[in-house]
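Structure below is query_35.cif: mmCIF, C-alpha atoms and all ligand atoms.
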```cif
data_protein
loop_
_atom_site.label_atom_id
_atom_site.label_comp_id
_atom_site.auth_asym_id
_atom_site.auth_seq_id
_atom_site.Cartn_x
_atom_site.Cartn_y
_atom_site.Cartn_z
CA MET X 1 10.74 107.39 23.61
CA GLU X 2 6.99 107.52 24.12
CA LYS X 3 4.94 104.89 22.29
CA LEU X 4 1.34 104.81 21.15
CA LYS X 5 -0.34 101.81 22.76
CA ILE X 6 -2.94 100.13 20.59
CA ALA X 7 -5.30 97.39 21.76
CA ILE X 8 -6.47 94.88 19.17
CA GLN X 9 -8.44 91.65 19.43
CA LYS X 10 -6.30 88.72 20.56
CA SER X 11 -8.11 86.03 18.62
CA GLY X 12 -11.33 86.35 16.74
CA ARG X 13 -12.92 87.79 13.65
CA LEU X 14 -11.09 91.11 13.79
CA SER X 15 -7.60 89.88 14.72
CA GLU X 16 -6.15 89.16 11.32
CA LYS X 17 -7.65 92.25 9.70
CA SER X 18 -6.39 94.46 12.51
CA LEU X 19 -2.86 93.16 12.09
CA GLN X 20 -3.20 93.46 8.35
CA LEU X 21 -4.22 97.10 8.73
CA LEU X 22 -1.09 97.81 10.80
CA ASN X 23 0.95 96.02 8.21
CA GLU X 24 -0.59 97.98 5.34
CA CYS X 25 0.22 101.15 7.28
CA GLY X 26 3.86 100.10 7.19
CA ILE X 27 3.92 99.13 10.86
CA LYS X 28 5.76 95.86 11.23
CA VAL X 29 4.48 93.62 13.99
CA SER X 30 5.84 90.20 14.71
CA ASN X 31 3.03 88.21 16.24
CA GLY X 32 4.76 84.87 16.38
CA ASP X 33 3.28 83.46 19.54
CA ARG X 34 0.69 86.19 20.12
CA LYS X 35 1.89 87.34 23.46
CA LEU X 36 -0.16 89.81 25.49
CA ARG X 37 1.97 92.64 24.16
CA THR X 38 4.56 93.30 21.50
CA GLU X 39 6.34 96.27 19.98
CA ALA X 40 6.33 97.45 16.40
CA ARG X 41 9.75 97.44 14.81
CA ASN X 42 9.61 100.66 12.84
CA PHE X 43 6.99 102.87 14.48
CA PRO X 44 6.74 103.96 18.11
CA MET X 45 3.83 101.66 18.82
CA GLU X 46 3.11 98.96 21.38
CA ILE X 47 0.44 96.40 20.58
CA LEU X 48 -1.75 94.86 23.29
CA PHE X 49 -3.74 91.74 22.41
CA LEU X 50 -7.02 91.66 24.34
CA ARG X 51 -10.59 90.38 24.26
CA ASP X 52 -12.68 92.81 22.28
CA ASP X 53 -15.10 93.21 25.22
CA ASP X 54 -12.31 94.66 27.36
CA ILE X 55 -10.95 97.14 24.82
CA PRO X 56 -13.35 100.07 25.52
CA GLN X 57 -12.50 99.95 29.22
CA TYR X 58 -8.75 99.81 28.64
CA VAL X 59 -8.92 102.74 26.24
CA GLU X 60 -11.11 104.74 28.61
CA ASN X 61 -8.73 104.34 31.53
CA GLY X 62 -5.61 104.86 29.44
CA VAL X 63 -4.03 101.41 29.73
CA ALA X 64 -4.28 101.54 25.93
CA ASP X 65 -4.27 104.85 24.02
CA ILE X 66 -6.25 103.60 21.05
CA GLY X 67 -8.06 100.42 20.05
CA ILE X 68 -9.66 98.56 17.16
CA LEU X 69 -13.00 96.81 17.67
CA GLY X 70 -16.53 96.49 16.37
CA GLU X 71 -18.77 99.52 16.84
CA ASN X 72 -21.32 97.16 18.40
CA GLU X 73 -18.98 96.64 21.35
CA VAL X 74 -18.27 100.36 21.64
CA TRP X 75 -22.00 101.11 21.82
CA GLU X 76 -22.75 98.32 24.25
CA LYS X 77 -19.97 99.16 26.68
CA GLU X 78 -20.90 102.88 26.82
CA LYS X 79 -17.39 103.90 27.83
CA ASP X 80 -16.16 107.45 27.51
CA VAL X 81 -13.91 107.16 24.43
CA ASP X 82 -13.65 108.93 21.09
CA GLU X 83 -14.65 107.11 17.92
CA ILE X 84 -11.99 108.27 15.47
CA GLU X 85 -12.35 106.41 12.18
CA LYS X 86 -14.39 103.65 10.56
CA LEU X 87 -12.08 101.00 9.16
CA GLY X 88 -14.10 99.27 6.45
CA PHE X 89 -13.91 95.68 7.72
CA GLY X 90 -15.84 93.53 10.18
CA ASN X 91 -19.09 94.68 8.62
CA CYS X 92 -22.25 93.22 10.11
CA ARG X 93 -25.65 94.26 11.39
CA LEU X 94 -27.55 93.82 14.64
CA SER X 95 -30.91 92.27 13.93
CA LEU X 96 -34.03 90.91 15.56
CA ALA X 97 -34.94 87.37 14.56
CA ILE X 98 -37.80 85.03 15.43
CA PRO X 99 -38.69 81.38 14.69
CA LYS X 100 -39.27 81.08 10.96
CA ASP X 101 -42.85 79.83 11.20
CA GLU X 102 -44.04 82.77 13.27
CA VAL X 103 -46.15 85.37 11.49
CA TYR X 104 -44.47 88.75 11.76
CA THR X 105 -46.41 91.97 11.35
CA ASN X 106 -44.40 94.87 12.70
CA LEU X 107 -42.31 95.85 15.73
CA ASP X 108 -45.37 95.63 18.01
CA TYR X 109 -45.00 91.87 17.61
CA PHE X 110 -42.30 92.09 20.28
CA HIS X 111 -44.54 93.61 22.93
CA GLY X 112 -44.24 91.46 26.06
CA LYS X 113 -41.85 89.03 24.35
CA ARG X 114 -38.61 87.62 25.77
CA ILE X 115 -35.56 88.45 23.65
CA ALA X 116 -32.14 86.86 24.16
CA THR X 117 -29.05 88.92 23.38
CA SER X 118 -25.44 89.70 24.25
CA TYR X 119 -26.26 93.38 23.61
CA PRO X 120 -28.79 94.24 26.34
CA LYS X 121 -27.98 97.95 26.54
CA ILE X 122 -28.35 98.59 22.81
CA LEU X 123 -31.59 96.59 22.75
CA LYS X 124 -33.06 98.24 25.84
CA LYS X 125 -32.36 101.68 24.40
CA TYR X 126 -33.89 100.73 21.07
CA PHE X 127 -37.16 99.42 22.49
CA GLY X 128 -37.22 102.24 25.04
CA VAL X 129 -37.27 104.81 22.25
CA LYS X 130 -39.98 102.82 20.46
CA GLY X 131 -42.04 102.58 23.65
CA ILE X 132 -42.31 98.80 23.43
CA ASP X 133 -42.03 96.66 26.55
CA VAL X 134 -39.84 93.59 26.16
CA LYS X 135 -38.10 91.23 28.54
CA ILE X 136 -34.38 91.01 27.80
CA GLU X 137 -32.50 87.78 28.56
CA GLU X 138 -28.78 88.50 28.60
CA LEU X 139 -26.53 85.72 27.28
CA GLY X 140 -22.77 85.61 26.85
CA GLY X 141 -22.92 83.60 23.64
CA SER X 142 -24.81 81.02 21.57
CA VAL X 143 -27.73 83.41 21.43
CA GLU X 144 -29.09 81.73 18.31
CA ILE X 145 -30.13 78.61 20.23
CA ALA X 146 -32.19 80.54 22.82
CA THR X 147 -35.56 80.17 21.08
CA GLY X 148 -35.04 76.48 20.31
CA ILE X 149 -34.48 75.65 23.97
CA GLY X 150 -37.41 77.76 25.14
CA LEU X 151 -35.42 80.51 26.80
CA ALA X 152 -36.72 83.30 24.60
CA ASP X 153 -39.27 84.15 21.91
CA GLY X 154 -36.77 85.96 19.74
CA ILE X 155 -33.14 86.99 19.57
CA PHE X 156 -31.17 90.16 18.92
CA ASP X 157 -27.75 89.30 17.51
CA ILE X 158 -25.04 90.00 14.99
CA VAL X 159 -25.81 88.88 11.46
CA SER X 160 -23.56 88.92 8.45
CA THR X 161 -24.55 86.33 5.84
CA GLY X 162 -27.67 85.19 7.70
CA SER X 163 -26.78 81.50 7.50
CA THR X 164 -26.51 81.06 11.28
CA LEU X 165 -30.11 82.22 11.62
CA ILE X 166 -31.31 79.84 8.93
CA MET X 167 -29.42 76.92 10.46
CA ASN X 168 -31.24 77.57 13.72
CA GLY X 169 -34.70 77.84 12.21
CA LEU X 170 -34.89 81.62 12.60
CA LYS X 171 -35.74 84.48 10.29
CA GLU X 172 -34.45 88.04 10.41
CA VAL X 173 -37.37 90.42 10.84
CA GLU X 174 -35.72 93.76 11.66
CA ALA X 175 -32.19 94.95 10.88
CA ILE X 176 -31.70 97.54 13.61
CA ILE X 177 -28.23 98.94 13.08
CA LYS X 178 -25.09 98.44 10.99
CA SER X 179 -21.68 98.01 12.52
CA GLU X 180 -18.08 97.82 11.34
CA ALA X 181 -14.63 97.88 12.89
CA VAL X 182 -13.57 101.30 14.18
CA LEU X 183 -10.58 103.01 15.70
CA ILE X 184 -11.28 104.47 19.13
CA ALA X 185 -9.06 106.69 21.26
CA ASN X 186 -8.61 107.79 24.84
CA LYS X 187 -10.02 111.28 25.40
CA SER X 188 -6.96 112.82 27.01
CA LEU X 189 -3.92 111.77 25.00
CA ASN X 190 -0.85 113.90 25.58
CA GLU X 191 0.63 115.95 22.76
CA VAL X 192 3.21 113.37 21.73
CA LYS X 193 0.64 110.58 21.52
CA GLN X 194 -1.80 112.85 19.74
CA GLU X 195 0.87 113.49 17.14
CA LEU X 196 1.61 109.76 16.77
CA LEU X 197 -2.11 109.13 16.35
CA GLU X 198 -2.24 111.74 13.57
CA ARG X 199 0.62 109.99 11.78
CA PHE X 200 -1.09 106.63 12.13
CA LEU X 201 -4.42 108.06 10.93
CA PHE X 202 -2.76 109.66 7.93
CA ARG X 203 -1.50 106.22 6.89
CA ILE X 204 -4.86 104.56 7.56
CA ARG X 205 -6.63 107.09 5.34
CA ALA X 206 -4.10 106.66 2.57
CA TYR X 207 -4.59 102.89 2.77
CA LYS X 208 -8.39 103.23 2.72
CA ARG X 209 -8.23 105.46 -0.36
CA GLY X 210 -6.13 102.78 -2.00
CA MET X 211 -8.73 100.14 -1.20
CA GLY X 212 -11.65 102.17 -2.50
O1 LIG U 301 -12.92 86.53 22.32
P1 LIG U 301 -13.48 87.86 22.01
O2 LIG U 301 -14.43 88.36 23.09
O3 LIG U 301 -12.41 88.85 21.69
O4 LIG U 301 -14.32 87.70 20.65
P2 LIG U 301 -15.89 87.55 20.39
O5 LIG U 301 -16.22 86.12 20.31
O6 LIG U 301 -16.66 88.42 21.31
O7 LIG U 301 -16.04 88.27 18.97
P3 LIG U 301 -15.87 87.72 17.47
O8 LIG U 301 -14.44 87.46 17.18
O9 LIG U 301 -16.87 86.67 17.17
O10 LIG U 301 -16.36 89.05 16.70
C1 LIG U 301 -15.66 90.24 16.81
C2 LIG U 301 -16.44 91.33 16.08
O11 LIG U 301 -16.58 90.98 14.69
C3 LIG U 301 -17.87 91.55 16.51
O12 LIG U 301 -17.99 92.32 17.69
C4 LIG U 301 -18.47 92.24 15.30
O13 LIG U 301 -18.18 93.63 15.35
C5 LIG U 301 -17.69 91.65 14.12
N1 LIG U 301 -18.46 90.67 13.31
C6 LIG U 301 -18.64 90.74 11.96
C7 LIG U 301 -19.09 89.56 13.74
C8 LIG U 301 -19.67 88.96 12.61
N2 LIG U 301 -19.37 89.70 11.52
C9 LIG U 301 -20.41 87.72 12.78
N3 LIG U 301 -20.94 87.19 11.79
N4 LIG U 301 -19.21 89.02 14.96
C10 LIG U 301 -19.89 87.88 15.12
N5 LIG U 301 -20.51 87.21 14.09
C11 LIG U 301 -21.23 85.96 14.48
C12 LIG U 301 -22.64 86.21 15.03
O14 LIG U 301 -22.57 86.40 16.42
C13 LIG U 301 -23.38 84.95 14.68
O15 LIG U 301 -23.13 83.91 15.61
O16 LIG U 301 -21.43 85.11 13.36
C14 LIG U 301 -22.74 84.56 13.37
C15 LIG U 301 -23.56 85.14 12.26
O17 LIG U 301 -22.88 85.07 11.04
P4 LIG U 301 -23.67 84.71 9.71
O18 LIG U 301 -22.69 84.96 8.61
O19 LIG U 301 -24.08 83.28 9.81
O20 LIG U 301 -24.87 85.64 9.63
ZN ZN U 302 -16.06 89.49 22.75
#
```
Can you present the structure in this file as structure tokens?
Amino acid sequence: MEKLKIAIQKSGRLSEKSLQLLNECGIKVSNGDRKLRTEARNFPMEILFLRDDDIPQYVENGVADIGILGENEVWEKEKDVDEIEKLGFGNCRLSLAIPKDEVYTNLDYFHGKRIATSYPKILKKYFGVKGIDVKIEELGGSVEIATGIGLADGIFDIVSTGSTLIMNGLKEVEAIIKSEAVLIANKSLNEVKQELLERFLFRIRAYKRGMG
């Protein structure tokens, strides 16, 4: 029988919540030793555990049919996938921050500045639309230390409580965009998979109504 293949984060901030969502939808997943893949016991679904960065690509090329990840990653990767449903967890924002003692006026402050980020595409698009010239320094992680070590004048990163910024002597000056976990899907699912996705979505929506 055909199965719906879902990609979720292997280990990270969205892993537990993604498994919990499946569970709340009545889909039983044993994730004992977190293998690369496992099968649900009572729903035709196969679960692939991946790095969130790789999920858009796997869903685009059909290795996975659907996936759960932060919208921020979906936007940054610019893959050709459908965004199906917001899931109500993993909420955060993407913000610009600068050293706390700097005087901030408005967005023009950033003209000619170096900004460190793991989200270069989103940032480039944003400043492009605003017509402000910035130099983007792409980093894989630990973006919040970039100003302290003299690599950049400011950072563009994920913020949730804001305590990471404070700990690194930074202040949030612009909250650019909000993000949360979403369900994405491959654009050319066959009829059987489409129908399985509908069943899954129906359960997700029922669960979300229950939460609200
Ligand atoms: O290994 P893998 O590549 O799969 O994981 P990852 O390290 O890339 O991602 P992970 O697990 O850190 O985050 C997964 C997703 O969770 C992100 O893509 C966001 O959509 C979402 N999310 C929600 C967050 C946060 N909140 C968050 N606070 N992702 C990261 N953070 C980090 C942020 O980068 C910063 O370092 O937490 C710090 C800020 O938190 P506060 O509370 O101090 O402001
Ligand atoms: Zn990642």
Write as a PDB file with C-alpha atoms, in the coordinates of the input the residues around ligand ZN 302 (chain U), taking 10 Å as the cut-off and counting all atoms listed in the file.
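The file below, result-v3.pdb, is the result:
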```pdb
ATOM      1  CA  GLN X   9      -8.440  91.650  19.430  1.00  0.00           C
ATOM      2  CA  SER X  11      -8.110  86.030  18.620  1.00  0.00           C
ATOM      3  CA  GLY X  12     -11.330  86.350  16.740  1.00  0.00           C
ATOM      4  CA  ARG X  13     -12.920  87.790  13.650  1.00  0.00           C
ATOM      5  CA  LEU X  50      -7.020  91.660  24.340  1.00  0.00           C
ATOM      6  CA  ARG X  51     -10.590  90.380  24.260  1.00  0.00           C
ATOM      7  CA  ASP X  52     -12.680  92.810  22.280  1.00  0.00           C
ATOM      8  CA  ASP X  53     -15.100  93.210  25.220  1.00  0.00           C
ATOM      9  CA  ASP X  54     -12.310  94.660  27.360  1.00  0.00           C
ATOM     10  CA  ILE X  55     -10.950  97.140  24.820  1.00  0.00           C
ATOM     11  CA  LEU X  69     -13.000  96.810  17.670  1.00  0.00           C
ATOM     12  CA  GLY X  70     -16.530  96.490  16.370  1.00  0.00           C
ATOM     13  CA  GLU X  73     -18.980  96.640  21.350  1.00  0.00           C
ATOM     14  CA  SER X 118     -25.440  89.700  24.250  1.00  0.00           C
ATOM     15  CA  GLY X 140     -22.770  85.610  26.850  1.00  0.00           C
ATOM     16  CA  GLY X 141     -22.920  83.600  23.640  1.00  0.00           C
TER      17      GLY X 141
END
```
Within 10 Å of ligand LIG 301 (chain U), which residues show up when you count all atoms listed in the file? List them as number ranges by chain, please.
-> X: 8-15, 49-55, 68-74, 89-95, 117-118, 140-145, 156-168, 172, 178-182
For CA of Val59 in chain X and CA of Ile47 in chain X, determine how far apart the two atoms are, in Å to one decimal place.
->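 One can read the CA of Val59 in chain X to CA of Ile47 in chain X distance as 12.6 Å.
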Give as a PyMOL selection string the set of residues within 9 Å of the point (-31.4, 94.8, 19.6), where distances use the file's coordinates and only C-alpha atoms.
-> chain X and resi 94-96+115+117+119-127+155-157+175-177
Hey, could you pull the box centre and edge lengths for range 177-190 of chain X, axis-aligned, 4 Å padding per side, all listed atoms, to one decimal in Å, as AutoDock Vina command-line options?
```
--center_x -14.5 --center_y 105.9 --center_z 19.0 --size_x 35.4 --size_y 24.1 --size_z 24.0
```
Is there a way to get, as a PyMOL selection string, all residues within 6 Å of the point (0.2, 105.2, 21.5) in file coordinates, counting only C-alpha atoms?
-> chain X and resi 3-5+45+65+193
Mind giving me the straight-line distance from CA of Glu83 in chain X to CA of Arg37 in chain X in Å, one decimal?
->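 Separation between CA of Glu83 in chain X and CA of Arg37 in chain X: 22.9 Å.
Pairwise distance (CA of Ala40 in chain X, CA of Ile27 in chain X) equals 6.3 Å.
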Please provide the set of residues having any atom within 12 Å of Asn106 in chain X, restricted to only C-alpha atoms, with same-chain residues fewer than 6 positions apart removed, written as a short mmCIF file (atom, residue, chain, number, x, y, z; two decimals) with C-alpha atoms, in the coordinates of the input.
```
data_model
loop_
_atom_site.label_atom_id
_atom_site.label_comp_id
_atom_site.auth_asym_id
_atom_site.auth_seq_id
_atom_site.Cartn_x
_atom_site.Cartn_y
_atom_site.Cartn_z
CA LEU X 96 -34.03 90.91 15.56
CA LYS X 130 -39.98 102.82 20.46
CA ILE X 132 -42.31 98.80 23.43
CA VAL X 173 -37.37 90.42 10.84
CA GLU X 174 -35.72 93.76 11.66
#
```
Distance criterion (only C-alpha atoms): nearest to Tyr104 in chain X out of X:Leu201, X:Gly154, X:Ala206, X:Lys17 = X:Gly154
Among the residues X:Ala7, X:Val29, X:Ile66, X:Ala116, the one that comes closest to Leu151 in chain X [using all atoms listed in the file] =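 So, comparing all the options, the nearest one is X:Ala116.
When all atoms listed in the file are used to measure the gap to Ile136 in chain X, the shortest distance among X:Ile84, X:Glu78, X:Glu39, X:Phe110 belongs to X:Phe110.
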